[in-house]
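entry.csv follows (CSV, C-alpha atoms):
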chain,number,residue,atom,x,y,z
A,1,MET,CA,-6.9,22.8,-27.5
A,2,ILE,CA,-8.8,22.6,-24.3
A,3,GLY,CA,-7.9,18.9,-23.9
A,4,SER,CA,-4.2,19.8,-24.4
A,5,ALA,CA,-4.5,22.5,-21.7
A,6,LEU,CA,-6.1,20.0,-19.3
A,7,TYR,CA,-3.1,17.7,-19.8
A,8,PHE,CA,-0.3,20.3,-19.6
A,9,PHE,CA,-1.8,22.5,-16.9
A,10,GLN,CA,-3.6,19.9,-14.7
A,11,GLU,CA,-1.2,20.5,-11.8
A,12,LYS,CA,-2.2,24.1,-11.8
A,13,LEU,CA,-5.9,23.1,-11.7
A,14,MET,CA,-5.5,20.4,-9.1
A,15,PHE,CA,-2.9,21.9,-6.7
A,16,LEU,CA,-3.2,25.4,-5.3
A,17,PRO,CA,-0.1,25.7,-3.0
A,18,THR,CA,1.0,28.8,-1.2
A,19,THR,CA,4.7,29.1,-0.4
A,20,LEU,CA,6.5,30.3,2.7
A,21,LYS,CA,10.0,31.6,3.2
A,22,GLN,CA,12.3,29.2,4.9
A,23,GLU,CA,12.8,31.6,7.7
A,24,TYR,CA,9.0,31.9,8.4
A,25,GLN,CA,8.2,31.3,12.0
A,26,TYR,CA,5.0,29.4,12.8
A,27,GLN,CA,2.9,30.6,15.7
A,28,PHE,CA,0.1,28.4,17.2
A,29,ASP,CA,-1.6,28.1,20.6
A,30,TYR,CA,-0.3,24.6,21.2
A,31,ARG,CA,3.1,23.1,21.7
A,32,PHE,CA,4.6,21.9,18.4
A,33,GLU,CA,7.9,20.9,16.8
A,34,GLU,CA,8.8,21.9,13.3
A,35,LEU,CA,10.3,19.1,11.3
A,36,PHE,CA,12.1,18.7,8.0
A,37,PHE,CA,12.2,15.3,6.3
A,38,GLU,CA,14.5,14.5,3.5
A,39,THR,CA,12.4,11.8,1.8
A,40,GLU,CA,14.7,11.6,-1.2
A,41,LYS,CA,17.5,13.6,-2.8
A,42,GLY,CA,16.1,17.0,-3.7
A,43,ALA,CA,12.9,16.6,-1.7
A,44,ILE,CA,12.5,18.2,1.7
A,45,ILE,CA,9.1,17.9,3.5
A,46,ASN,CA,8.2,20.4,6.1
A,47,ALA,CA,5.9,19.1,8.9
A,48,LEU,CA,4.5,20.1,12.2
A,49,HIS,CA,4.2,17.8,15.1
A,50,PHE,CA,1.8,19.0,17.8
A,51,LYS,CA,1.9,17.6,21.3
A,52,ALA,CA,-1.2,17.5,23.5
A,53,GLU,CA,-0.9,17.8,27.2
A,54,GLN,CA,-2.4,14.4,27.9
A,55,SER,CA,-2.1,12.5,24.6
A,56,LYS,CA,-4.7,9.9,23.7
A,57,GLY,CA,-2.7,8.9,20.6
A,58,VAL,CA,-1.7,10.7,17.4
A,59,ILE,CA,-3.5,11.8,14.2
A,60,LEU,CA,-1.5,11.8,10.9
A,61,TYR,CA,-3.4,14.5,9.0
A,62,PHE,CA,-3.3,15.0,5.2
A,63,HIS,CA,-4.7,18.4,4.2
A,64,GLY,CA,-6.5,19.7,1.1
A,65,ASN,CA,-5.2,21.0,-2.1
A,66,ALA,CA,-4.8,24.7,-1.1
A,67,GLY,CA,-2.8,26.7,1.3
A,68,ASP,CA,0.2,25.7,3.5
A,69,LEU,CA,0.9,24.7,7.1
A,70,SER,CA,0.4,28.3,8.5
A,71,ARG,CA,-3.3,27.6,7.7
A,72,TRP,CA,-3.5,23.9,8.2
A,73,GLY,CA,-1.7,24.0,11.6
A,74,LYS,CA,-4.6,26.1,12.9
A,75,ILE,CA,-7.2,23.8,11.4
A,76,THR,CA,-5.6,20.7,13.0
A,77,SER,CA,-5.6,22.4,16.4
A,78,TYR,CA,-9.2,21.1,16.6
A,79,PHE,CA,-7.8,17.7,17.3
A,80,VAL,CA,-5.1,18.9,19.7
A,81,GLU,CA,-8.0,20.3,21.8
A,82,LYS,CA,-9.3,16.8,22.0
A,83,ASN,CA,-5.9,15.7,23.5
A,84,TYR,CA,-4.5,14.1,20.4
A,85,ASP,CA,-1.0,14.7,19.1
A,86,VAL,CA,-1.1,15.7,15.4
A,87,LEU,CA,1.5,15.3,12.6
A,88,VAL,CA,0.6,17.3,9.5
A,89,MET,CA,2.9,17.8,6.5
A,90,ASP,CA,3.1,20.2,3.6
A,91,TYR,CA,3.2,18.4,0.2
A,92,ARG,CA,6.1,19.1,-2.2
A,93,THR,CA,5.9,22.7,-3.6
A,94,TYR,CA,3.6,23.7,-0.6
A,95,GLY,CA,4.9,26.1,2.1
A,96,LYS,CA,8.5,25.3,2.8
A,97,SER,CA,8.4,21.9,1.2
A,98,THR,CA,10.5,21.2,-1.9
A,99,GLY,CA,10.8,18.6,-4.6
A,100,LYS,CA,9.2,17.3,-7.8
A,101,LEU,CA,5.5,16.6,-7.4
A,102,THR,CA,4.2,13.3,-8.7
A,103,GLU,CA,1.5,10.8,-7.5
A,104,ALA,CA,4.3,8.4,-6.5
A,105,ALA,CA,6.0,11.2,-4.5
A,106,PHE,CA,2.8,11.9,-2.6
A,107,TYR,CA,2.6,8.3,-1.5
A,108,LYS,CA,6.3,8.1,-0.7
A,109,ASP,CA,6.3,11.2,1.5
A,110,ALA,CA,3.1,10.0,3.3
A,111,GLN,CA,4.7,6.6,4.2
A,112,TYR,CA,7.8,8.4,5.4
A,113,CYS,CA,5.7,10.4,7.9
A,114,TYR,CA,3.9,7.2,9.0
A,115,ASP,CA,7.2,5.5,9.6
A,116,TYR,CA,8.4,8.5,11.6
A,117,LEU,CA,5.4,8.1,13.9
A,118,LEU,CA,6.0,4.3,14.2
A,119,LYS,CA,9.2,5.2,16.0
A,120,GLN,CA,7.3,7.1,18.7
A,121,TYR,CA,3.9,5.5,19.0
A,122,PRO,CA,2.5,2.0,18.9
A,123,GLU,CA,0.7,1.5,15.6
A,124,HIS,CA,-2.7,1.0,17.4
A,125,ASP,CA,-2.4,4.6,18.5
A,126,ILE,CA,-2.0,6.0,15.0
A,127,ASN,CA,-5.2,7.5,13.5
A,128,LEU,CA,-5.2,8.5,9.8
A,129,TYR,CA,-7.2,11.6,8.8
A,130,GLY,CA,-7.6,12.9,5.2
A,131,ARG,CA,-9.4,15.9,4.0
A,132,SER,CA,-10.3,16.4,0.3
A,133,LEU,CA,-7.1,15.9,-1.7
A,134,GLY,CA,-5.5,14.3,1.4
A,135,THR,CA,-8.2,11.5,1.5
A,136,GLY,CA,-6.4,9.6,-1.3
A,137,LEU,CA,-3.1,9.6,0.7
A,138,ALA,CA,-4.7,8.6,3.9
A,139,SER,CA,-6.5,5.8,2.2
A,140,TYR,CA,-3.3,4.6,0.5
A,141,LEU,CA,-1.6,4.4,3.9
A,142,ALA,CA,-4.5,2.5,5.4
A,143,SER,CA,-4.1,-0.1,2.6
A,144,LYS,CA,-0.4,-0.5,3.4
A,145,ASN,CA,-0.4,-0.4,7.2
A,146,GLN,CA,-2.4,-1.2,10.2
A,147,PRO,CA,-3.5,2.1,11.8
A,148,LYS,CA,-6.2,2.3,14.5
A,149,GLN,CA,-8.7,3.9,12.1
A,150,LEU,CA,-9.2,6.0,9.0
A,151,ILE,CA,-11.3,9.1,8.9
A,152,LEU,CA,-12.1,10.8,5.5
A,153,GLU,CA,-13.6,14.3,5.2
A,154,THR,CA,-15.1,15.1,1.7
A,155,PRO,CA,-13.4,12.2,-0.1
A,156,TYR,CA,-13.5,11.3,-3.8
A,157,TYR,CA,-14.1,7.8,-5.3
A,158,SER,CA,-11.0,8.7,-7.4
A,159,ILE,CA,-9.6,11.9,-9.0
A,160,LEU,CA,-10.7,10.4,-12.3
A,161,ASP,CA,-14.3,10.2,-11.1
A,162,VAL,CA,-14.2,13.9,-10.1
A,163,ALA,CA,-12.6,14.8,-13.4
A,164,LYS,CA,-15.2,13.0,-15.4
A,165,HIS,CA,-17.9,14.9,-13.5
A,166,ARG,CA,-16.2,18.2,-14.2
A,167,PHE,CA,-15.1,17.6,-17.8
A,168,PRO,CA,-17.6,15.1,-19.2
A,169,ILE,CA,-16.9,15.7,-22.9
A,170,PHE,CA,-13.1,15.1,-22.6
A,171,PRO,CA,-11.2,11.7,-22.5
A,172,VAL,CA,-9.9,12.6,-19.1
A,173,GLU,CA,-8.8,9.0,-18.3
A,174,SER,CA,-6.0,9.3,-20.9
A,175,LEU,CA,-5.2,12.9,-20.0
A,176,LEU,CA,-4.8,12.6,-16.2
A,177,LYS,CA,-1.4,12.1,-14.7
A,178,TYR,CA,-2.9,11.8,-11.2
A,179,LYS,CA,-5.5,9.1,-10.5
A,180,PHE,CA,-5.6,8.7,-6.7
A,181,PRO,CA,-7.9,5.6,-6.8
A,182,THR,CA,-9.3,5.9,-3.3
A,183,TYR,CA,-11.8,3.1,-3.8
A,184,LYS,CA,-9.0,0.6,-4.5
A,185,TYR,CA,-7.2,1.5,-1.3
A,186,LEU,CA,-10.3,1.3,0.8
A,187,LEU,CA,-11.0,-2.3,-0.4
A,188,ARG,CA,-7.6,-3.3,0.9
A,189,ALA,CA,-7.8,-1.5,4.2
A,190,THR,CA,-8.6,-3.5,7.3
A,191,CYS,CA,-9.1,-0.8,9.9
A,192,PRO,CA,-12.4,0.9,10.7
A,193,ILE,CA,-13.3,3.7,8.2
A,194,THR,CA,-15.4,6.8,8.7
A,195,ILE,CA,-16.5,9.1,5.9
A,196,LEU,CA,-18.0,12.5,6.3
A,197,HIS,CA,-19.5,14.3,3.3
A,198,GLY,CA,-21.8,17.2,2.8
A,199,THR,CA,-24.7,17.1,0.4
A,200,ASP,CA,-24.0,20.5,-1.1
A,201,ASP,CA,-20.3,19.9,-1.9
A,202,LYS,CA,-19.5,21.7,-5.1
A,203,VAL,CA,-15.8,20.6,-5.2
A,204,VAL,CA,-16.0,16.9,-4.7
A,205,PRO,CA,-19.6,15.9,-5.5
A,206,TYR,CA,-21.4,14.1,-2.7
A,207,ALA,CA,-22.2,11.3,-5.2
A,208,SER,CA,-18.4,10.6,-5.6
A,209,GLY,CA,-18.0,10.1,-1.9
A,210,LYS,CA,-21.2,8.2,-1.5
A,211,LYS,CA,-20.0,5.6,-4.1
A,212,LEU,CA,-17.3,4.7,-1.6
A,213,SER,CA,-20.1,3.6,0.8
A,214,GLU,CA,-21.4,1.2,-1.9
A,215,LEU,CA,-18.2,-0.8,-2.2
A,216,GLY,CA,-19.6,-3.4,0.3
A,217,ILE,CA,-16.9,-2.7,3.0
A,218,GLY,CA,-18.3,-4.0,6.3
A,219,ASN,CA,-16.3,-1.7,8.6
A,220,LEU,CA,-17.1,1.5,6.8
A,221,ASP,CA,-19.4,4.2,8.3
A,222,PHE,CA,-20.7,6.8,5.9
A,223,ILE,CA,-22.0,10.1,7.6
A,224,THR,CA,-24.1,12.4,5.5
A,225,ILE,CA,-24.1,16.1,6.6
A,226,GLU,CA,-27.2,17.7,5.2
A,227,GLY,CA,-26.5,21.1,3.7
A,228,GLY,CA,-22.7,20.8,4.2
A,229,ASP,CA,-20.4,22.0,1.5
A,230,HIS,CA,-16.7,21.3,0.9
A,231,ASN,CA,-15.2,23.6,3.5
A,232,ASN,CA,-17.7,24.0,6.3
A,233,LEU,CA,-18.4,20.6,7.8
A,234,VAL,CA,-16.9,21.7,11.1
A,235,GLU,CA,-19.8,24.1,11.4
A,236,PHE,CA,-22.3,21.3,11.7
A,237,GLU,CA,-23.2,19.4,14.9
A,238,THR,CA,-23.2,16.1,13.1
A,239,TYR,CA,-19.5,16.6,12.4
A,240,HIS,CA,-18.7,17.2,16.1
A,241,GLN,CA,-20.9,14.3,17.2
A,242,THR,CA,-19.0,12.0,14.8
A,243,THR,CA,-15.6,13.1,15.8
A,244,ASN,CA,-16.5,12.9,19.5
A,245,ILE,CA,-17.4,9.2,19.0
A,246,LYS,CA,-14.4,8.3,16.8
A,247,LEU,CA,-12.0,10.4,18.8
A,248,PRO,CA,-13.3,10.2,22.4
Render the structure in this file as structure tokens.
Amino acid sequence: MIGSALYFFQEKLMFLPTTLKQEYQYQFDYRFEELFFETEKGAIINALHFKAEQSKGVILYFHGNAGDLSRWGKITSYFVEKNYDVLVMDYRTYGKSTGKLTEAAFYKDAQYCYDYLLKQYPEHDINLYGRSLGTGLASYLASKNQPKQLILETPYYSILDVAKHRFPIFPVESLLKYKFPTYKYLLRATCPITILHGTDDKVVPYASGKKLSELGIGNLDFITIEGGDHNNLVEFETYHQTTNIKLP
């Protein structure tokens, strides 16, 4: 029975969206444009495009599994302060975004956003940033395109790897609809890769992220944040030192 519940309710376990009314008005401290992308019939993706005063490039940011753009817009302002434009989207069923949620849909919508940026920026000015759930999407794009760099905060080796850790007695490989095999995508990426992971992460085990550093990828830099958990890496000086180097 528990195994059946894992199969039929896995979306409710993995994805924790909050929704917004379509007329909701975002308010942030930096200039931004609200966008709506029709990525396919029945799917509308809501996104925010922040514009820095003196842009050094753009960051395509993929957020975690909870909340919506009213929260993530504030979090990504960290990078606007560094004079980077930021494009961040809400996944289907999150915020104002609509459409059927599947792993293929995640990838399709992510590539749509990347292609949108390619019309406005040279590809060598596009930086990919993924946090938690979003690390799989950012890694996928890095394997399909030629961005300037890829930065991953609290990534997983794969969703399957995390599920095996959390539900060790169940045949999760046959139950999971979503795999997000980050390790496969990193092996195909050619851009520089930076990973930040806290040793006390209770959501995505540090060991899962650390396995990515053991793939033998020459252009991968793995940063350990001692004592960091899943949601507080920004509180550590190591995080700021790393982003100051990667996003000067």
Can you tell me, as an MDAnalysis selection string, what residues are no more than 9 Å from His197 in chain A when counting only C-alpha atoms, ignoring any on the same chain fewer than 3 positions away? chainID A and resid 152:155 200:201 205:206 209:210 222:226 228:230 233
Can you pull out every residue within 10 Å of Phe28 in chain A, counting only C-alpha atoms, but drop anything in the same chain fewer than 2 positions away, and send it as a PyMOL selection string? chain A and resi 26+30-32+50+70+73-74+77
Polymer residues at most 9 Å from Gln54 in chain A, only C-alpha atoms, same-chain spacing of 2 or more positions, as a list in words: Lys51, Ala52, Lys56, Asn83, Tyr84 and Asp85 of chain A
Val162 in chain A surroundings by all atoms listed in the file, 12 Å radius, close-in-sequence under 4 positions cut, as an mmCIF file with C-alpha atoms, in the coordinates of the input:
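selection-v1.cif was written with the following content:
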data_model
loop_
_atom_site.group_PDB
_atom_site.id
_atom_site.type_symbol
_atom_site.label_atom_id
_atom_site.label_comp_id
_atom_site.auth_asym_id
_atom_site.auth_seq_id
_atom_site.Cartn_x
_atom_site.Cartn_y
_atom_site.Cartn_z
ATOM 1 C CA MET A 14 -5.500 20.400 -9.100
ATOM 2 C CA SER A 132 -10.300 16.400 0.300
ATOM 3 C CA LEU A 133 -7.100 15.900 -1.700
ATOM 4 C CA THR A 154 -15.100 15.100 1.700
ATOM 5 C CA PRO A 155 -13.400 12.200 -0.100
ATOM 6 C CA TYR A 156 -13.500 11.300 -3.800
ATOM 7 C CA TYR A 157 -14.100 7.800 -5.300
ATOM 8 C CA SER A 158 -11.000 8.700 -7.400
ATOM 9 C CA ARG A 166 -16.200 18.200 -14.200
ATOM 10 C CA PHE A 167 -15.100 17.600 -17.800
ATOM 11 C CA PRO A 168 -17.600 15.100 -19.200
ATOM 12 C CA VAL A 172 -9.900 12.600 -19.100
ATOM 13 C CA GLU A 173 -8.800 9.000 -18.300
ATOM 14 C CA LEU A 176 -4.800 12.600 -16.200
ATOM 15 C CA TYR A 178 -2.900 11.800 -11.200
ATOM 16 C CA LYS A 179 -5.500 9.100 -10.500
ATOM 17 C CA PHE A 180 -5.600 8.700 -6.700
ATOM 18 C CA PRO A 181 -7.900 5.600 -6.800
ATOM 19 C CA THR A 182 -9.300 5.900 -3.300
ATOM 20 C CA ASP A 201 -20.300 19.900 -1.900
ATOM 21 C CA LYS A 202 -19.500 21.700 -5.100
ATOM 22 C CA VAL A 203 -15.800 20.600 -5.200
ATOM 23 C CA VAL A 204 -16.000 16.900 -4.700
ATOM 24 C CA PRO A 205 -19.600 15.900 -5.500
ATOM 25 C CA TYR A 206 -21.400 14.100 -2.700
ATOM 26 C CA ALA A 207 -22.200 11.300 -5.200
ATOM 27 C CA SER A 208 -18.400 10.600 -5.600
ATOM 28 C CA GLY A 209 -18.000 10.100 -1.900
ATOM 29 C CA LYS A 211 -20.000 5.600 -4.100
#
Quick one, how far is CA of Arg131 in chain A from CA of Arg92 in chain A?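 So the two atoms, CA of Arg131 in chain A and CA of Arg92 in chain A, lie 17.0 Å apart.
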Let me make sure I understand: among A:Glu237, A:Glu11, A:Asp90, A:Glu23, which one has the smallest atom-to-atom distance to Asn46 in chain A if we use all atoms listed in the file? A:Asp90
Can you pull out the residues contacting Leu69 in chain A? Cut-off 8 Å, using all atoms listed in the file, and skip same-chain residues under 6 positions away; I want them as a ChimeraX atom specification. /A:47-48,88-90,95
Closest atom pairs, residues of range 96-141 of chain A within 8 Å of range 36-42 of chain A, only C-alpha atoms, as CSV:
residue,atom,partner,partner_atom,distance
A:Thr98,CA,A:Gly42,CA,7.2
A:Gly99,CA,A:Gly42,CA,5.6
A:Lys108,CA,A:Thr39,CA,7.6
A:Asp109,CA,A:Thr39,CA,6.1
A:Tyr112,CA,A:Thr39,CA,6.8
Write out, as an mmCIF file, in the frame of the given file, the residues just selected, with C-alpha atoms.
data_model
loop_
_atom_site.group_PDB
_atom_site.id
_atom_site.type_symbol
_atom_site.label_atom_id
_atom_site.label_comp_id
_atom_site.auth_asym_id
_atom_site.auth_seq_id
_atom_site.Cartn_x
_atom_site.Cartn_y
_atom_site.Cartn_z
ATOM 1 C CA THR A 98 10.500 21.200 -1.900
ATOM 2 C CA GLY A 99 10.800 18.600 -4.600
ATOM 3 C CA LYS A 108 6.300 8.100 -0.700
ATOM 4 C CA ASP A 109 6.300 11.200 1.500
ATOM 5 C CA TYR A 112 7.800 8.400 5.400
#
Can you work out the spacing between CA of Thr135 in chain A and CA of His63 in chain A in Å, to one decimal?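 CA of His63 in chain A lies 8.2 Å from CA of Thr135 in chain A.
Distance-wise, CA of Lys96 in chain A and CA of Glu81 in chain A end up 25.7 Å apart.
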Compare A:Leu128, A:Lys82, A:Tyr94, A:Ser55 by their minimum atom-to-atom distance to Thr19 in chain A, counting only C-alpha atoms, and give me the closest one.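 Nearest candidate to Thr19 in chain A out of A:Leu128, A:Lys82, A:Tyr94, A:Ser55: A:Tyr94.
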The residue from A:Asn65, A:Gln22, A:Thr190, A:Thr102 with the smallest atom-to-atom distance to Gly134 in chain A, counting only C-alpha atoms, is A:Asn65
